[in-house]
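> Got a structure for you, questions after.
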Amino acid sequence: MKQKNKIIINKQKSNSRLDLFLAKNFSEYSRSFWQSIIQQEGVLLNDKKIFPHYKLKIDDVIFISQKILKKIAEQKKIDLSPDKKIKFKIIFEDKDFLIISKPSGLTVHPSESVPKNTLVNGLLAYLPKLKNVGEDKARPGIVHRLDKDVSGIMAIAKNQKSFQFLKLQFKNREVKKEYLALIHGIINKDSGEINLKIGRSKKTGLMAAGRNKNCKEAKTLFWTIKKFQKFSLLKIQILTGRTHQIRVHLKAIGHPVVGDKIYCLKKYKNSPKIKRIFLHSYKLGFKNLKNEWVELEAEAPNEFKKFYE
């Protein structure tokens with residue numbers, strides 16, 4: 001770490017576990033968050049890698065990366081006030097999970113750029129106890145997310161056990177995620193696989209398909225549901241979860257999503273009447289805590305159906 005923040009341990013601070021000490025002194029984040037950061041070497045002790053359960057000693061020096069400190073500073077600016085005005089549709093609920101349909105235009109969690117009026121504010125109004133679930137106070141119960149302009153199904157963990165259980169399934173790519181996408185142009189295949197690595201472009205700062213060392217594996221499957229005069233309707237399943245994966249992959253094969261203002265091609269002009277991106281997460285499959293497979297769907301919103309009908 002080139003830039004470091006240094007904390008020197010005195011007698012009063014000694015004999016405490018490293019992860020507990022950090023969670024107490026930086027309460028914006030949970031103990032499990034700090035355990036993860038320590039394991040990733042975002043926190044060093046005496047300039048060396050250390051374990052989260054390490055008992056602090058007098059004159060120990062804790063180094064915290066500047067990236068983490070910036071994240072903490074951003075957290076202090078966000079507003080986690082419950083907001084009943086934030087609307088979302090509940091598809092299913094039990095003691096472990098809340099399955100909802102997020103409308104287009106709603107940001108999932110607060111950040112420095114969007115400090116309030118997010119799905120999280122609405123979730124906290126519906127489930128106040130959710131504030132204690134997860135690893136990040138700004139993302140209570142949030143295991144996965146959708147882009148602001150993308151609508152569709154999301155699973156919210158209602159307790160720490162279900163959070164960790166679902167998080168592991170996402171990590172191991174065991175969760176089934178299917179989307180509906182209306183794309184520009186007539187696609188000439190009934191089905192196919194897009195297997196192009198994705199990384200952030202140094203030139204534009206946007207995600208892009210590429211081959212440089214920063215690009216990561218990304219796989220997208222698609223099936224053509226219907227062909228229109230100028231558009232095609234696809235069912236899409238993603239096997240990896242890269243940022244903007246579907247949008248980047250469809251642009252890369254020359255068929256960007258209708259209404260996508262970021263990943264469009266010059267030859268396809270989006271009509272001013274189009275107010276949203278025509279990408280909808282409609283199906284989510286995962287195992288519940290009883291190890292039973294659960295598969296739920298979120299119906300496409302009216303504006304989505306009306307456009308292609």
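By convention in this document, the chains of the structure tokens carry letters A, B, ... by their order, each chain's residues are numbered from 1, and ligands are numbered from 1 in the order they are shown.
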Per DSSP on the backbone, filter segment 41-195 of chain A down to the residues in helix (DSSP H, G or I) and report them as a PyMOL selection string.

chain A and resi 66-75+119-126+128-132+160-171

> Any chance you can output those residues with C-alpha atoms as a CSV table (one decimal), in the first residue's frame?


chain,number,residue,atom,x,y,z
A,66,GLN,CA,-6.3,4.8,1.6
A,67,LYS,CA,-8.9,3.2,-0.5
A,68,ILE,CA,-10.7,1.8,2.6
A,69,LEU,CA,-10.4,5.2,4.3
A,70,LYS,CA,-12.0,6.9,1.3
A,71,LYS,CA,-14.9,4.4,1.4
A,72,ILE,CA,-15.4,5.1,5.1
A,73,ALA,CA,-15.5,8.9,4.5
A,74,GLU,CA,-18.1,8.3,1.8
A,75,GLN,CA,-20.2,6.2,4.2
A,119,LEU,CA,-34.1,0.9,-2.5
A,120,VAL,CA,-32.2,0.4,0.8
A,121,ASN,CA,-34.1,3.4,2.3
A,122,GLY,CA,-37.4,1.7,1.3
A,123,LEU,CA,-36.3,-1.7,2.6
A,124,LEU,CA,-35.3,-0.2,6.0
A,125,ALA,CA,-38.8,1.4,6.2
A,126,TYR,CA,-40.4,-2.0,5.6
A,128,PRO,CA,-36.1,-1.9,10.3
A,129,LYS,CA,-34.2,-5.0,11.6
A,130,LEU,CA,-32.5,-5.3,8.2
A,131,LYS,CA,-30.0,-2.6,9.3
A,132,ASN,CA,-28.0,-5.3,11.2
A,160,GLN,CA,-27.0,-12.9,8.8
A,161,LYS,CA,-27.3,-16.7,8.3
A,162,SER,CA,-29.3,-16.3,5.0
A,163,PHE,CA,-27.0,-13.5,3.9
A,164,GLN,CA,-23.9,-15.7,4.2
A,165,PHE,CA,-25.7,-18.7,2.6
A,166,LEU,CA,-26.8,-16.7,-0.4
A,167,LYS,CA,-23.5,-14.8,-0.7
A,168,LEU,CA,-21.7,-18.2,-1.0
A,169,GLN,CA,-24.0,-19.3,-3.8
A,170,PHE,CA,-23.3,-16.1,-5.8
A,171,LYS,CA,-19.6,-16.6,-5.2

> For each of A:Lys226, A:Lys77, A:Ser111, A:Gly285, take the minimum atom-to-atom distance to Arg173 of chain A, counting only C-alpha atoms, then give the residue where this is smallest.

A:Gly285

> Using only C-alpha atoms, what table do you get, as a tab-separated table, when you list each residue of segment 247-269 of chain A with an atom no more than 12 Å from segment 213-222 of chain A, its nearest pair of atoms, and their distance in Å rounded to one decimal, rows by chain then rising number?


residue	atom	partner	partner_atom	distance
A:Arg247	CA	A:Thr220	CA	10.5
A:Val248	CA	A:Ala218	CA	10.2
A:His249	CA	A:Thr220	CA	7.5
A:Leu250	CA	A:Thr220	CA	9.2
A:Ala252	CA	A:Thr220	CA	11.8
A:Ile253	CA	A:Thr220	CA	11.6

> Within 9 Å of Pro115 of chain A, counting only C-alpha atoms, which residues show up once you throw out same-chain ones fewer than 5 positions away? Write them as a ChimeraX atom specification, please.

/A:75,77-80,109-110

> Can you pull out every residue within 12 Å of Gly205 of chain A, counting only C-alpha atoms, but drop anything in the same chain fewer than 5 positions away, and send it as a PyMOL selection string?

chain A and resi 199-200+262

> Hey, can you check how far atom CA of Trp34 of chain A sits from atom CA of Val108 of chain A?

22.5 Å

> Contacts of Lys269 of chain A at 10 Å or less, counting only C-alpha atoms, minus same-chain residues fewer than 2 places along, as a list in words?

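Within the cut-off, the hits are His184, Val258, Gly259, Asp260, Lys261, Cys264, Leu265, Lys266, Lys267, Ser271 and Pro272 of chain A.
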
> Mind writing the picked residues with C-alpha atoms as a CSV table (one decimal), in the first residue's frame?


chain,number,residue,atom,x,y,z
A,184,HIS,CA,-31.4,-3.2,-31.7
A,258,VAL,CA,-32.7,-0.6,-26.6
A,259,GLY,CA,-32.7,2.5,-24.4
A,260,ASP,CA,-29.1,2.0,-23.2
A,261,LYS,CA,-27.6,5.5,-23.2
A,264,CYS,CA,-25.1,2.1,-27.5
A,265,LEU,CA,-23.7,2.2,-31.1
A,266,LYS,CA,-23.8,5.3,-33.3
A,267,LYS,CA,-25.8,3.6,-36.0
A,271,SER,CA,-35.9,7.5,-29.6
A,272,PRO,CA,-36.4,10.5,-27.1

> Would you compute the distance between atom CA of Asn188 of chain A and atom CA of Leu239 of chain A? Give it in Å to one decimal.

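Between atom CA of Asn188 of chain A and atom CA of Leu239 of chain A the gap works out to 22.2 Å.
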
> Using only C-alpha atoms, can you tell me which of A:Leu45, A:Ile86, A:Leu289, A:Ile153 comes closest to Thr107 of chain A?

A:Ile86

> Write out as JSON lines a residue-level contact list of segment 35-137 of chain A versus segment 14-26 of chain A with cut-off 12 Å: for each qualifying residue the closest pair of atoms and the distance in Å to one decimal, counting only C-alpha atoms, rows sorted by chain and residue number upward.


{"residue": "A:Gln35", "atom": "CA", "partner": "A:Asp19", "partner_atom": "CA", "distance": 5.9}
{"residue": "A:Ser36", "atom": "CA", "partner": "A:Asp19", "partner_atom": "CA", "distance": 9.5}
{"residue": "A:Ile37", "atom": "CA", "partner": "A:Asp19", "partner_atom": "CA", "distance": 9.5}
{"residue": "A:Ile38", "atom": "CA", "partner": "A:Asp19", "partner_atom": "CA", "distance": 8.0}
{"residue": "A:Gln39", "atom": "CA", "partner": "A:Asp19", "partner_atom": "CA", "distance": 10.6}
{"residue": "A:Val43", "atom": "CA", "partner": "A:Leu18", "partner_atom": "CA", "distance": 9.8}
{"residue": "A:Leu44", "atom": "CA", "partner": "A:Leu18", "partner_atom": "CA", "distance": 10.3}
{"residue": "A:Leu45", "atom": "CA", "partner": "A:Leu18", "partner_atom": "CA", "distance": 9.1}
{"residue": "A:Ile50", "atom": "CA", "partner": "A:Leu18", "partner_atom": "CA", "distance": 9.0}
{"residue": "A:Phe51", "atom": "CA", "partner": "A:Leu18", "partner_atom": "CA", "distance": 8.0}
{"residue": "A:Pro52", "atom": "CA", "partner": "A:Asp19", "partner_atom": "CA", "distance": 5.1}
{"residue": "A:His53", "atom": "CA", "partner": "A:Arg17", "partner_atom": "CA", "distance": 5.3}
{"residue": "A:Tyr54", "atom": "CA", "partner": "A:Arg17", "partner_atom": "CA", "distance": 5.5}
{"residue": "A:Lys55", "atom": "CA", "partner": "A:Arg17", "partner_atom": "CA", "distance": 4.6}
{"residue": "A:Leu56", "atom": "CA", "partner": "A:Ser14", "partner_atom": "CA", "distance": 5.0}
{"residue": "A:Lys57", "atom": "CA", "partner": "A:Ser14", "partner_atom": "CA", "distance": 4.9}
{"residue": "A:Ile58", "atom": "CA", "partner": "A:Ser14", "partner_atom": "CA", "distance": 5.6}
{"residue": "A:Asp59", "atom": "CA", "partner": "A:Ser14", "partner_atom": "CA", "distance": 8.7}
{"residue": "A:Asp60", "atom": "CA", "partner": "A:Ser14", "partner_atom": "CA", "distance": 8.5}
{"residue": "A:Val61", "atom": "CA", "partner": "A:Leu18", "partner_atom": "CA", "distance": 11.0}
{"residue": "A:Ile62", "atom": "CA", "partner": "A:Leu18", "partner_atom": "CA", "distance": 8.9}
{"residue": "A:Phe63", "atom": "CA", "partner": "A:Leu22", "partner_atom": "CA", "distance": 11.2}
{"residue": "A:Ile64", "atom": "CA", "partner": "A:Leu22", "partner_atom": "CA", "distance": 9.9}
{"residue": "A:Ile68", "atom": "CA", "partner": "A:Phe26", "partner_atom": "CA", "distance": 10.7}
{"residue": "A:Leu69", "atom": "CA", "partner": "A:Phe26", "partner_atom": "CA", "distance": 9.6}
{"residue": "A:Lys71", "atom": "CA", "partner": "A:Phe26", "partner_atom": "CA", "distance": 11.1}
{"residue": "A:Ile72", "atom": "CA", "partner": "A:Phe26", "partner_atom": "CA", "distance": 7.7}
{"residue": "A:Ala73", "atom": "CA", "partner": "A:Phe26", "partner_atom": "CA", "distance": 10.2}
{"residue": "A:Gln75", "atom": "CA", "partner": "A:Phe26", "partner_atom": "CA", "distance": 10.4}
{"residue": "A:Lys76", "atom": "CA", "partner": "A:Phe26", "partner_atom": "CA", "distance": 10.4}
{"residue": "A:Glu135", "atom": "CA", "partner": "A:Ala23", "partner_atom": "CA", "distance": 10.8}
{"residue": "A:Asp136", "atom": "CA", "partner": "A:Ala23", "partner_atom": "CA", "distance": 11.1}
{"residue": "A:Lys137", "atom": "CA", "partner": "A:Phe26", "partner_atom": "CA", "distance": 11.3}

> Please report the interatomic distance between atom CA of His280 of chain A and atom CA of Ser81 of chain A in Å with one decimal.

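Between these atoms lies a distance of 27.8 Å.
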
> Counting only C-alpha atoms, figure out which residue out of A:Ile187, A:Met207, A:Leu196, A:Ile100 gets nearest to Ile156 of chain A.

A:Ile100

> Report as a ChimeraX atom specification: the residues of segment 68-258 of chain A with a DSSP assignment of strand (DSSP E), based on the backbone of this structure.

/A:89-93,97-102,151-157,176-184,191-195,198-200,207-209,219-227,231-238

> Check the smallest atom-to-atom distance from each of A:Leu233, A:Ile91, A:Ile238, A:Ala209 to Gly152 of chain A using only C-alpha atoms, then report the winner.

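Between A:Leu233, A:Ile91, A:Ile238, A:Ala209, the residue approaching Gly152 of chain A most closely is A:Ile91.
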
> Need the shell around Leu279 of chain A: protein/DNA/RNA residues with any atom at most 10 Å away, counting only C-alpha atoms. Skip same-chain ones fewer than 4 positions apart. Format as a list in words?

Ser104, Asp147, Asp149, Val150, Ser151, Gly152, Tyr179, Leu180, Ala181, Leu182, Ile183, Leu234, Ile236, Ile246, Arg247, Val257, Val258, Gly259, Asp260, Ala300 and Phe304 of chain A

> Need the shell around Lys95 of chain A: protein/DNA/RNA residues with any atom at most 10 Å away, counting only C-alpha atoms. Skip same-chain ones fewer than 4 positions apart. Format as a list in words?

Ala157, Lys158, Asn159 and Ser162 of chain A

> With distances taken over only C-alpha atoms, which of A:Thr224, A:Val133, A:Lys235, A:Lys306 is nearest to Ile274 of chain A?

A:Lys306
